[in-house]
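This is work11.txt. It holds compact mmCIF, C-alpha atoms.
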```txt
# COMPACT_ATOMS: atom_id res chain seq x y z
CA MET D 10 -38.56 -46.37 -65.22
CA LEU D 11 -40.82 -43.35 -64.61
CA LEU D 12 -44.51 -42.57 -64.79
CA ASP D 13 -44.78 -40.13 -67.70
CA GLN D 14 -46.62 -37.21 -66.11
CA THR D 15 -47.25 -35.54 -69.46
CA ARG D 16 -49.70 -38.35 -70.29
CA LEU D 17 -51.80 -37.98 -67.15
CA PRO D 18 -54.67 -38.13 -66.43
CA ALA D 19 -55.70 -39.74 -69.71
CA GLU D 20 -53.32 -42.68 -69.49
CA GLU D 21 -50.69 -44.11 -67.16
CA VAL D 22 -47.62 -44.78 -69.27
CA GLU D 23 -44.22 -45.85 -67.99
CA LEU D 24 -41.26 -44.07 -69.49
CA VAL D 25 -38.01 -46.05 -69.66
CA CYS D 26 -34.83 -43.96 -69.66
CA THR D 27 -31.90 -46.14 -70.71
CA ASP D 28 -29.30 -43.38 -70.75
CA VAL D 29 -28.64 -39.97 -69.24
CA PRO D 30 -29.72 -37.89 -72.28
CA ALA D 31 -33.11 -39.62 -72.20
CA LEU D 32 -33.49 -38.77 -68.51
CA VAL D 33 -32.44 -35.17 -69.13
CA GLN D 34 -35.08 -34.95 -71.84
CA ALA D 35 -37.69 -36.40 -69.49
CA ILE D 36 -36.81 -33.74 -66.91
CA ARG D 37 -36.90 -30.86 -69.40
CA THR D 38 -40.24 -31.92 -70.89
CA LEU D 39 -41.74 -32.38 -67.40
CA ALA D 40 -42.35 -36.08 -67.86
CA VAL D 41 -40.75 -36.20 -64.41
CA ARG D 42 -41.13 -33.09 -62.25
CA GLY D 43 -41.54 -31.81 -58.71
CA ALA D 44 -38.61 -30.71 -56.59
CA PRO D 45 -38.10 -33.78 -54.34
CA LEU D 46 -38.63 -36.24 -57.20
CA LEU D 47 -36.18 -34.33 -59.39
CA GLY D 48 -33.56 -34.88 -56.70
CA ILE D 49 -34.30 -38.60 -56.66
CA ALA D 50 -34.29 -38.81 -60.46
CA GLY D 51 -31.00 -36.91 -60.62
CA GLY D 52 -29.45 -39.30 -58.11
CA TYR D 53 -30.56 -42.34 -60.05
CA GLY D 54 -29.28 -40.67 -63.22
CA VAL D 55 -25.77 -40.54 -61.76
CA ALA D 56 -26.09 -44.19 -60.73
CA LEU D 57 -27.22 -45.03 -64.27
CA ALA D 58 -24.21 -43.25 -65.75
CA ALA D 59 -21.86 -45.14 -63.43
CA ALA D 60 -23.48 -48.49 -64.21
CA ARG D 61 -23.27 -47.89 -67.97
CA GLY D 62 -19.65 -46.77 -67.81
CA TYR D 63 -20.39 -43.20 -68.90
CA ASP D 64 -18.34 -40.20 -67.84
CA VAL D 65 -19.93 -39.58 -64.42
CA ALA D 66 -18.75 -35.99 -64.13
CA GLU D 67 -20.15 -35.14 -67.56
CA ALA D 68 -23.44 -36.90 -66.79
CA ALA D 69 -23.75 -35.06 -63.49
CA GLY D 70 -23.27 -31.74 -65.24
CA LEU D 71 -25.95 -32.53 -67.83
CA LEU D 72 -28.41 -33.52 -65.13
CA GLU D 73 -27.74 -30.49 -62.93
CA ARG D 74 -28.36 -28.11 -65.82
CA ALA D 75 -31.60 -29.76 -66.94
CA ARG D 76 -33.70 -27.32 -64.87
CA PRO D 77 -32.15 -24.35 -63.07
CA THR D 78 -34.64 -23.39 -60.34
CA ALA D 79 -35.34 -26.61 -58.41
CA VAL D 80 -32.41 -26.98 -56.02
CA ASN D 81 -33.24 -30.61 -55.19
CA LEU D 82 -32.09 -31.73 -58.62
CA ALA D 83 -28.57 -30.45 -58.06
CA TYR D 84 -28.60 -31.76 -54.50
CA GLY D 85 -29.51 -35.29 -55.56
CA VAL D 86 -26.96 -35.31 -58.36
CA ARG D 87 -24.11 -34.02 -56.18
CA ARG D 88 -24.90 -36.29 -53.26
CA VAL D 89 -24.88 -39.48 -55.34
CA ALA D 90 -21.88 -38.32 -57.35
CA ALA D 91 -20.05 -37.76 -54.07
CA ALA D 92 -20.82 -41.34 -53.03
CA TYR D 93 -19.43 -42.56 -56.36
CA TRP D 94 -16.23 -40.50 -56.16
CA GLU D 95 -15.68 -41.47 -52.53
CA ALA D 96 -15.78 -45.12 -53.56
CA VAL D 97 -13.33 -44.43 -56.38
CA ARG D 98 -11.03 -42.58 -53.98
CA LYS D 99 -10.99 -45.62 -51.74
CA GLY D 100 -9.86 -47.80 -54.62
CA ALA D 101 -13.16 -49.33 -55.69
CA GLY D 102 -13.38 -50.71 -59.19
CA ALA D 103 -15.98 -49.58 -61.71
CA GLU D 104 -18.60 -52.11 -60.60
CA ALA D 105 -18.19 -51.38 -56.89
CA ALA D 106 -18.23 -47.62 -57.46
CA ALA D 107 -21.43 -47.97 -59.49
CA ALA D 108 -22.93 -50.01 -56.65
CA ALA D 109 -22.02 -47.23 -54.21
CA ALA D 110 -23.77 -44.71 -56.44
CA LEU D 111 -26.89 -46.87 -56.61
CA ALA D 112 -26.88 -47.30 -52.84
CA GLY D 113 -26.63 -43.52 -52.48
CA ALA D 114 -29.60 -42.98 -54.80
CA ARG D 115 -31.69 -45.55 -52.94
CA ALA D 116 -30.84 -43.92 -49.60
CA LEU D 117 -31.93 -40.54 -50.96
CA HIS D 118 -35.18 -42.09 -52.19
CA ARG D 119 -35.84 -43.71 -48.82
CA GLU D 120 -35.09 -40.53 -46.87
CA ASP D 121 -37.45 -38.50 -49.02
CA ALA D 122 -40.28 -40.95 -48.34
CA GLN D 123 -39.64 -40.67 -44.61
CA ALA D 124 -39.48 -36.88 -44.82
CA SER D 125 -42.85 -36.84 -46.56
CA GLY D 126 -44.51 -38.62 -43.64
CA ARG D 127 -42.98 -36.27 -41.09
CA MET D 128 -43.97 -33.17 -43.06
CA ALA D 129 -47.56 -34.41 -43.10
CA GLU D 130 -47.50 -34.80 -39.31
CA TYR D 131 -45.99 -31.37 -38.68
CA GLY D 132 -48.31 -29.75 -41.21
CA GLU D 133 -51.41 -31.24 -39.63
CA ALA D 134 -50.22 -30.14 -36.17
CA LEU D 135 -49.67 -26.60 -37.45
CA LEU D 136 -53.17 -26.43 -38.91
CA GLU D 137 -54.60 -27.55 -35.57
CA GLU D 138 -52.57 -24.86 -33.82
CA LEU D 139 -53.68 -22.12 -36.20
CA LEU D 140 -57.27 -23.30 -36.69
CA PRO D 141 -58.15 -25.41 -33.66
CA GLY D 142 -61.10 -27.78 -33.51
CA ARG D 143 -62.45 -27.41 -37.02
CA GLY D 144 -62.56 -28.92 -40.46
CA TYR D 145 -60.57 -27.25 -43.20
CA GLN D 146 -61.11 -25.90 -46.66
CA LEU D 147 -57.61 -25.89 -48.13
CA LEU D 148 -56.41 -24.28 -51.34
CA THR D 149 -53.41 -25.70 -53.16
CA HIS D 150 -51.49 -24.81 -56.29
CA CYS D 151 -49.67 -26.95 -58.85
CA ASN D 152 -48.98 -30.57 -57.80
CA THR D 153 -47.35 -31.67 -54.55
CA GLY D 154 -48.42 -35.30 -54.05
CA ALA D 155 -46.85 -38.70 -54.63
CA LEU D 156 -46.05 -37.64 -58.19
CA VAL D 157 -43.35 -35.29 -56.85
CA SER D 158 -41.98 -37.41 -54.03
CA GLY D 159 -40.63 -40.71 -52.84
CA GLY D 160 -43.55 -40.74 -50.38
CA GLU D 161 -46.99 -39.13 -50.43
CA GLY D 162 -45.75 -35.66 -51.24
CA THR D 163 -45.28 -32.33 -49.52
CA ALA D 164 -48.28 -29.98 -49.28
CA PHE D 165 -50.65 -32.62 -50.66
CA ALA D 166 -49.44 -35.08 -48.00
CA VAL D 167 -50.70 -32.66 -45.34
CA ALA D 168 -54.12 -32.45 -47.02
CA LEU D 169 -54.19 -36.23 -47.34
CA ARG D 170 -53.45 -36.69 -43.63
CA VAL D 171 -56.20 -34.22 -42.72
CA HIS D 172 -58.57 -36.11 -45.03
CA ARG D 173 -57.79 -39.43 -43.36
CA GLN D 174 -58.63 -37.88 -40.01
CA GLY D 175 -62.01 -36.79 -41.36
CA ARG D 176 -61.24 -33.08 -41.12
CA LEU D 177 -60.90 -32.06 -44.76
CA ARG D 178 -64.07 -30.28 -45.84
CA ARG D 179 -62.79 -29.39 -49.30
CA LEU D 180 -59.52 -29.27 -51.26
CA TRP D 181 -59.60 -26.38 -53.69
CA VAL D 182 -57.31 -27.20 -56.63
CA ASP D 183 -55.97 -24.42 -58.85
CA GLU D 184 -55.72 -25.48 -62.50
CA THR D 185 -52.17 -24.06 -62.56
CA ARG D 186 -51.76 -22.68 -66.05
CA PRO D 187 -50.29 -22.96 -68.56
CA LEU D 188 -49.49 -26.68 -68.17
CA LEU D 189 -52.40 -27.50 -65.85
CA GLN D 190 -50.50 -29.50 -63.24
CA GLY D 191 -53.35 -28.89 -60.83
CA ALA D 192 -56.08 -29.99 -63.22
CA ARG D 193 -54.17 -32.93 -64.67
CA LEU D 194 -52.17 -34.15 -61.69
CA THR D 195 -53.51 -32.89 -58.34
CA ALA D 196 -57.12 -33.59 -59.29
CA TYR D 197 -55.96 -37.05 -60.44
CA GLU D 198 -54.31 -37.73 -57.08
CA ALA D 199 -57.21 -36.27 -55.10
CA ALA D 200 -59.68 -38.48 -56.93
CA ARG D 201 -57.55 -41.60 -56.47
CA ASN D 202 -57.39 -40.94 -52.73
CA GLY D 203 -61.07 -40.12 -52.30
CA LEU D 204 -60.62 -36.48 -51.25
CA ALA D 205 -63.49 -34.04 -51.53
CA TYR D 206 -62.06 -31.59 -54.05
CA SER D 207 -63.08 -28.93 -56.55
CA LEU D 208 -61.10 -27.60 -59.48
CA LEU D 209 -60.97 -23.89 -60.23
CA THR D 210 -59.28 -21.61 -62.71
CA ASP D 211 -56.34 -19.77 -61.24
CA ASN D 212 -58.09 -16.39 -61.57
CA ALA D 213 -61.11 -17.64 -59.57
CA ALA D 214 -59.13 -17.94 -56.33
CA GLY D 215 -59.78 -14.34 -55.33
CA SER D 216 -63.53 -14.86 -55.22
CA LEU D 217 -63.05 -17.87 -52.94
CA PHE D 218 -61.04 -15.80 -50.47
CA ALA D 219 -63.60 -12.99 -50.61
CA ALA D 220 -66.40 -15.46 -49.84
CA GLY D 221 -64.52 -16.84 -46.82
CA GLU D 222 -64.23 -20.27 -48.41
CA VAL D 223 -60.47 -20.75 -47.84
CA ASP D 224 -59.13 -21.61 -44.37
CA ALA D 225 -55.48 -22.03 -45.39
CA VAL D 226 -53.27 -22.20 -48.46
CA LEU D 227 -50.79 -25.06 -48.78
CA ILE D 228 -48.08 -25.01 -51.45
CA GLY D 229 -44.76 -26.70 -52.07
CA ALA D 230 -41.44 -25.13 -53.06
CA ASP D 231 -38.74 -25.57 -55.66
CA ARG D 232 -36.14 -23.46 -53.88
CA ILE D 233 -36.11 -21.63 -50.55
CA ALA D 234 -33.50 -18.89 -50.24
CA ALA D 235 -31.56 -18.16 -47.06
CA ASP D 236 -33.87 -15.28 -46.13
CA GLY D 237 -36.98 -17.49 -46.43
CA SER D 238 -38.06 -16.37 -49.89
CA VAL D 239 -39.81 -19.22 -51.71
CA ALA D 240 -39.69 -20.01 -55.41
CA ASN D 241 -42.65 -22.13 -56.45
CA LYS D 242 -44.85 -22.67 -59.48
CA VAL D 243 -45.87 -19.37 -61.06
CA GLY D 244 -49.11 -18.19 -59.51
CA SER D 245 -48.02 -18.87 -55.94
CA TYR D 246 -47.08 -15.25 -55.21
CA PRO D 247 -50.55 -13.86 -56.09
CA LEU D 248 -52.09 -16.44 -53.73
CA ALA D 249 -49.78 -15.26 -50.94
CA VAL D 250 -50.91 -11.65 -51.51
CA LEU D 251 -54.56 -12.71 -51.44
CA ALA D 252 -54.01 -14.77 -48.29
CA LYS D 253 -52.30 -11.86 -46.53
CA TYR D 254 -55.10 -9.47 -47.39
CA HIS D 255 -57.78 -11.91 -46.22
CA HIS D 256 -55.88 -12.99 -43.07
CA VAL D 257 -55.63 -16.60 -44.23
CA PRO D 258 -52.57 -18.72 -43.29
CA PHE D 259 -50.19 -19.24 -46.22
CA ILE D 260 -48.10 -22.33 -45.55
CA VAL D 261 -45.14 -23.71 -47.52
CA VAL D 262 -44.40 -27.43 -47.14
CA ALA D 263 -41.01 -28.65 -48.37
CA PRO D 264 -38.10 -30.83 -47.23
CA THR D 265 -34.94 -29.19 -45.92
CA THR D 266 -33.19 -30.32 -49.12
CA THR D 267 -35.19 -27.57 -50.87
CA VAL D 268 -33.52 -24.90 -48.72
CA ASP D 269 -30.52 -23.30 -50.42
CA LEU D 270 -28.56 -21.29 -47.88
CA GLU D 271 -26.10 -20.30 -50.61
CA THR D 272 -28.83 -18.27 -52.32
CA PRO D 273 -29.12 -15.20 -50.09
CA ASP D 274 -32.55 -13.90 -51.09
CA GLY D 275 -35.41 -14.13 -53.53
CA ALA D 276 -33.82 -11.76 -56.03
CA SER D 277 -30.91 -14.18 -56.34
CA ILE D 278 -33.08 -17.14 -57.41
CA THR D 279 -32.76 -18.01 -61.09
CA VAL D 280 -36.30 -18.33 -62.45
CA GLU D 281 -36.63 -20.73 -65.37
CA GLN D 282 -38.18 -19.18 -68.48
CA ARG D 283 -40.02 -21.69 -70.61
CA SER D 284 -41.18 -21.65 -74.22
CA GLY D 285 -43.92 -19.19 -75.05
CA LYS D 286 -45.63 -21.95 -77.02
CA GLU D 287 -46.83 -23.39 -73.71
CA VAL D 288 -48.97 -20.24 -73.41
CA THR D 289 -49.93 -19.66 -77.06
CA GLU D 290 -50.61 -23.27 -78.07
CA LEU D 291 -52.51 -26.24 -76.72
CA THR D 292 -50.49 -29.39 -77.24
CA PRO D 293 -52.01 -32.88 -76.84
CA ALA D 294 -50.82 -34.80 -73.77
CA GLY D 295 -47.80 -36.98 -74.40
CA SER D 296 -46.85 -35.31 -77.70
CA VAL D 297 -43.28 -35.76 -78.88
CA PRO D 298 -41.35 -32.47 -79.00
CA GLY D 299 -41.36 -31.18 -82.57
CA ASP D 300 -44.50 -33.08 -83.54
CA ASP D 301 -47.13 -30.44 -84.29
CA ARG D 302 -49.98 -32.82 -85.05
CA GLY D 303 -53.04 -31.96 -83.00
CA VAL D 304 -51.61 -28.64 -81.76
CA ARG D 305 -54.25 -25.92 -81.41
CA ALA D 306 -53.48 -22.21 -81.51
CA LEU D 307 -54.73 -20.24 -78.49
CA ALA D 308 -53.37 -16.89 -79.69
CA PRO D 309 -52.60 -15.21 -83.02
CA LEU D 310 -49.68 -16.68 -84.91
CA GLY D 311 -46.42 -15.18 -83.65
CA ALA D 312 -47.91 -13.69 -80.50
CA PRO D 313 -45.12 -13.05 -77.96
CA ALA D 314 -45.60 -14.64 -74.54
CA TYR D 315 -44.12 -14.26 -71.07
CA ASN D 316 -43.83 -17.70 -69.49
CA PRO D 317 -41.83 -17.96 -66.25
CA ALA D 318 -42.10 -21.40 -64.69
CA PHE D 319 -41.91 -19.99 -61.16
CA ASP D 320 -42.43 -16.86 -59.10
CA VAL D 321 -40.92 -15.84 -55.76
CA THR D 322 -42.87 -15.18 -52.57
CA PRO D 323 -41.08 -13.03 -49.94
CA PRO D 324 -40.95 -14.31 -46.35
CA GLU D 325 -43.19 -11.58 -44.94
CA LEU D 326 -46.12 -13.09 -46.88
CA ILE D 327 -45.50 -16.63 -45.58
CA THR D 328 -47.15 -17.74 -42.35
CA ALA D 329 -44.93 -20.79 -41.87
CA ILE D 330 -42.54 -23.16 -43.59
CA VAL D 331 -43.07 -26.81 -42.70
CA THR D 332 -40.25 -29.33 -43.14
CA GLU D 333 -39.46 -32.84 -41.94
CA GLU D 334 -37.60 -31.23 -39.03
CA GLY D 335 -40.53 -29.12 -37.89
CA SER D 336 -41.98 -25.74 -38.83
CA ILE D 337 -40.84 -22.15 -38.46
CA SER D 338 -43.08 -19.15 -37.93
CA PRO D 339 -42.43 -16.32 -38.41
CA VAL D 340 -40.21 -17.06 -41.38
CA THR D 341 -36.78 -15.50 -40.91
CA GLY D 342 -33.29 -16.26 -42.14
CA VAL D 343 -32.12 -17.01 -38.59
CA ALA D 344 -34.94 -19.50 -37.96
CA LEU D 345 -34.35 -21.16 -41.32
CA ALA D 346 -30.61 -21.53 -40.68
CA GLU D 347 -31.27 -23.07 -37.26
CA LEU D 348 -33.72 -25.53 -38.82
CA CYS D 349 -31.20 -26.58 -41.45
CA ALA D 350 -28.48 -26.94 -38.81
CA ARG D 351 -30.75 -29.26 -36.89
CA SER D 352 -31.37 -31.27 -40.05
CA SER D 353 -27.62 -31.55 -40.71
CA GLN D 354 -26.99 -32.82 -37.19
CA VAL D 355 -29.66 -35.49 -37.59
CA THR D 356 -28.18 -36.56 -40.93
CA MET D 357 -24.65 -36.72 -39.52
CA GLY D 358 -25.86 -38.67 -36.50
```
Output the file's structure as structure tokens, nothing else.
Amino acid sequence: MLLDQTRLPAEEVELVCTDVPALVQAIRTLAVRGAPLLGIAGGYGVALAAARGYDVAEAAGLLERARPTAVNLAYGVRRVAAAYWEAVRKGAGAEAAAAAALAGARALHREDAQASGRMAEYGEALLEELLPGRGYQLLTHCNTGALVSGGEGTAFAVALRVHRQGRLRRLWVDETRPLLQGARLTAYEAARNGLAYSLLTDNAAGSLFAAGEVDAVLIGADRIAADGSVANKVGSYPLAVLAKYHHVPFIVVAPTTTVDLETPDGASITVEQRSGKEVTELTPAGSVPGDDRGVRALAPLGAPAYNPAFDVTPPELITAIVTEEGSISPVTGVALAELCARSSQVTMG
């Protein structure tokens, strides 16, 4: 059971996925989204396949391919599938192997919630180090709160912790076109938590920097390459360029499960290309794919559109990467590898 994020903020509707194809569809249509949550959803999808007696290997493949950029999805699927196959290898029957898969998914869920809390602590400490003794005006992009996590989120969790300490002056929320995850989701979470926030169009961010109204930028990540390059929602890279020019800290907050040391650099990250209709048409929230009722044209009929879901920010534009194991600054491949090694040792221990 999932909160259908395509229906927010107008209505809170639970989406019940009774089989793997339904979950894959929910992932592709962004009813469930956000890197950490995709990993959790993928893990539970494997557990669902095992419990229903489906072909677990086939189900895992379908889930992994649902979205190519967010590495957490593949991580969650493979981790829970490994728990299932390990149980099978040890002679477990179908029911016991399914129980092992479910236990693996629940452990992943629990660990992500714990990681969220630690990222918030490390992120707040970093802000104090960079900008000591002051309140903050923070700019964020896309959505990085509880809607993407087993806990309170990644970048948004840092802003929420600062707010609870009475030090958040303003959270600037990019709309995040074309699907408006900032306007629909981050503003929704900010309002529910009582944060002082303001919504802005993506192309208004430059004027905020120029006016000195941004103290730091906080974003999440969908994949971090071995060299520290960060793939995140499209529009993140221009913010990094603006931040560099205006000498404003640009901080990425993500769990170590988002780091993919097998992807050597930013150029090697597969960037998901989505339908141009997301740019050329306005579709009512919660619409069923293929149902054109209520769709409004935003461009001439047949207008071609370029619609990457993500862009890639190189490490030299990133002030720091904050994870549940601490932060690194400057961002280098060596520092990132050491951080991940530390995370692996903690997990093994």
Atomic distance atom CA of Val331 of chain D - atom CA of Leu139 of chain D, expressed in Å with one decimal: 13.3 Å
Nearest-residue call for Leu140 of chain D, choices D:Pro258, D:Ala35, D:Val97, D:Leu111, using all atoms listed in the file: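 Comparing D:Pro258, D:Ala35, D:Val97, D:Leu111 against Leu140 of chain D, the winner is D:Pro258.
Reported to one decimal place, the separation of atom CA of Pro77 of chain D from atom CA of Glu334 of chain D is 25.6 Å.
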Counting all atoms listed in the file, which residues in segment 191-227 of chain D sit no more than 9 Å from segment 144-158 of chain D? For each one, give the nearest pair of atoms and the distance in Å, sorted by chain then residue number, as a Markdown table.
```
| residue | atom | partner | partner_atom | distance |
| --- | --- | --- | --- | --- |
| D:Gly191 | CA | D:Cys151 | CA | 4.6 |
| D:Ala192 | CA | D:Cys151 | CA | 8.3 |
| D:Arg193 | CA | D:Asn152 | CA | 8.9 |
| D:Leu194 | CA | D:Asn152 | CA | 6.2 |
| D:Thr195 | CA | D:Asn152 | CA | 5.1 |
| D:Ala196 | CA | D:Asn152 | CA | 8.8 |
| D:Glu198 | CA | D:Gly154 | CA | 7.1 |
| D:Ala199 | CA | D:Gly154 | CA | 8.9 |
| D:Asp211 | CA | D:His150 | CA | 8.6 |
| D:Ala214 | CA | D:Leu148 | CA | 8.5 |
| D:Glu222 | CA | D:Gln146 | CA | 6.7 |
| D:Val223 | CA | D:Gln146 | CA | 5.3 |
| D:Asp224 | CA | D:Gln146 | CA | 5.3 |
| D:Ala225 | CA | D:Leu147 | CA | 5.2 |
| D:Val226 | CA | D:Leu148 | CA | 4.7 |
| D:Leu227 | CA | D:Thr149 | CA | 5.1 |
```
Write out as a short mmCIF file (atom, residue, chain, number, x, y, z; two decimals) with C-alpha atoms, in the coordinates of the input the residues lying within 7 Å of segment 261-269 of chain D, counting all atoms listed in the file and excluding same-chain residues fewer than 6 positions away.
```
data_model
loop_
_atom_site.label_atom_id
_atom_site.label_comp_id
_atom_site.auth_asym_id
_atom_site.auth_seq_id
_atom_site.Cartn_x
_atom_site.Cartn_y
_atom_site.Cartn_z
CA VAL D 80 -32.41 -26.98 -56.02
CA ASN D 81 -33.24 -30.61 -55.19
CA ALA D 124 -39.48 -36.88 -44.82
CA THR D 163 -45.28 -32.33 -49.52
CA ALA D 164 -48.28 -29.98 -49.28
CA LEU D 227 -50.79 -25.06 -48.78
CA ILE D 228 -48.08 -25.01 -51.45
CA GLY D 229 -44.76 -26.70 -52.07
CA ALA D 230 -41.44 -25.13 -53.06
CA ASP D 231 -38.74 -25.57 -55.66
CA ARG D 232 -36.14 -23.46 -53.88
CA ILE D 233 -36.11 -21.63 -50.55
CA ALA D 234 -33.50 -18.89 -50.24
CA ALA D 235 -31.56 -18.16 -47.06
CA ALA D 329 -44.93 -20.79 -41.87
CA ILE D 330 -42.54 -23.16 -43.59
CA VAL D 331 -43.07 -26.81 -42.70
CA THR D 332 -40.25 -29.33 -43.14
CA GLU D 333 -39.46 -32.84 -41.94
CA CYS D 349 -31.20 -26.58 -41.45
#
```
Two-atom distance - atom CA of Ala91 of chain D, atom CA of Leu72 of chain D (Å):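 We find that atom CA of Ala91 of chain D and atom CA of Leu72 of chain D lie 14.5 Å from each other.
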Of the listed residues D:Leu291, D:Ala116, D:Leu32, D:Leu204, that which approaches Ala69 of chain D most closely, counting all atoms listed in the file: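 Ranked by minimum distance to Ala69 of chain D, first place goes to D:Leu32.
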Residue nearest Pro45 of chain D among D:Gly100, D:Pro18, D:Gly311, D:Gly159 (counting all atoms listed in the file): D:Gly159
Minimum-distance residue to Tyr93 of chain D, chosen among D:Leu24, D:Leu17, D:Ala40, D:Ala109 (using all atoms listed in the file): D:Ala109
Within 9 Å of Ser245 of chain D using all atoms listed in the file, minus same-chain residues under 4 positions, as a ChimeraX atom specification: /D:150-151,228,240-241,249-250,319-322
Minimum-distance residue to Val288 of chain D, chosen among D:Ala200, D:Leu189, D:Ala58, D:Leu71 (using all atoms listed in the file):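 So, comparing all the options, the nearest one is D:Leu189.
Taking all atoms listed in the file into account, Glu281 of chain D lies nearest to D:Lys242 out of the set D:Arg201, D:Lys242, D:His256, D:Arg87.
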Please produce, as a Markdown table, a per-residue contact table for segment 237-348 of chain D versus segment 177-188 of chain D (criterion: any atom at most 10 Å away, only C-alpha atoms considered), showing the nearest atom pair and its distance in Å to one decimal, sorted by chain then residue number.
```
| residue | atom | partner | partner_atom | distance |
| --- | --- | --- | --- | --- |
| D:Lys242 | CA | D:Thr185 | CA | 8.1 |
| D:Val243 | CA | D:Thr185 | CA | 8.0 |
| D:Gly244 | CA | D:Thr185 | CA | 7.3 |
| D:Ser245 | CA | D:Thr185 | CA | 9.4 |
| D:Gly285 | CA | D:Pro187 | CA | 9.8 |
| D:Lys286 | CA | D:Pro187 | CA | 9.7 |
| D:Glu287 | CA | D:Pro187 | CA | 6.2 |
| D:Val288 | CA | D:Pro187 | CA | 5.7 |
| D:Thr289 | CA | D:Pro187 | CA | 9.1 |
| D:Glu290 | CA | D:Pro187 | CA | 9.5 |
| D:Leu291 | CA | D:Pro187 | CA | 9.1 |
| D:Thr292 | CA | D:Leu188 | CA | 9.5 |
| D:Ala294 | CA | D:Leu188 | CA | 10.0 |
| D:Asn316 | CA | D:Pro187 | CA | 8.4 |
| D:Ala318 | CA | D:Pro187 | CA | 9.2 |
```
Protein, DNA and RNA residues within 8 Å of (-54.4, -29.6, -40.4), only C-alpha atoms, as an NGL selection string: :D and (132-137 or 140 or 145 or 167-168 or 170-171 or 176)
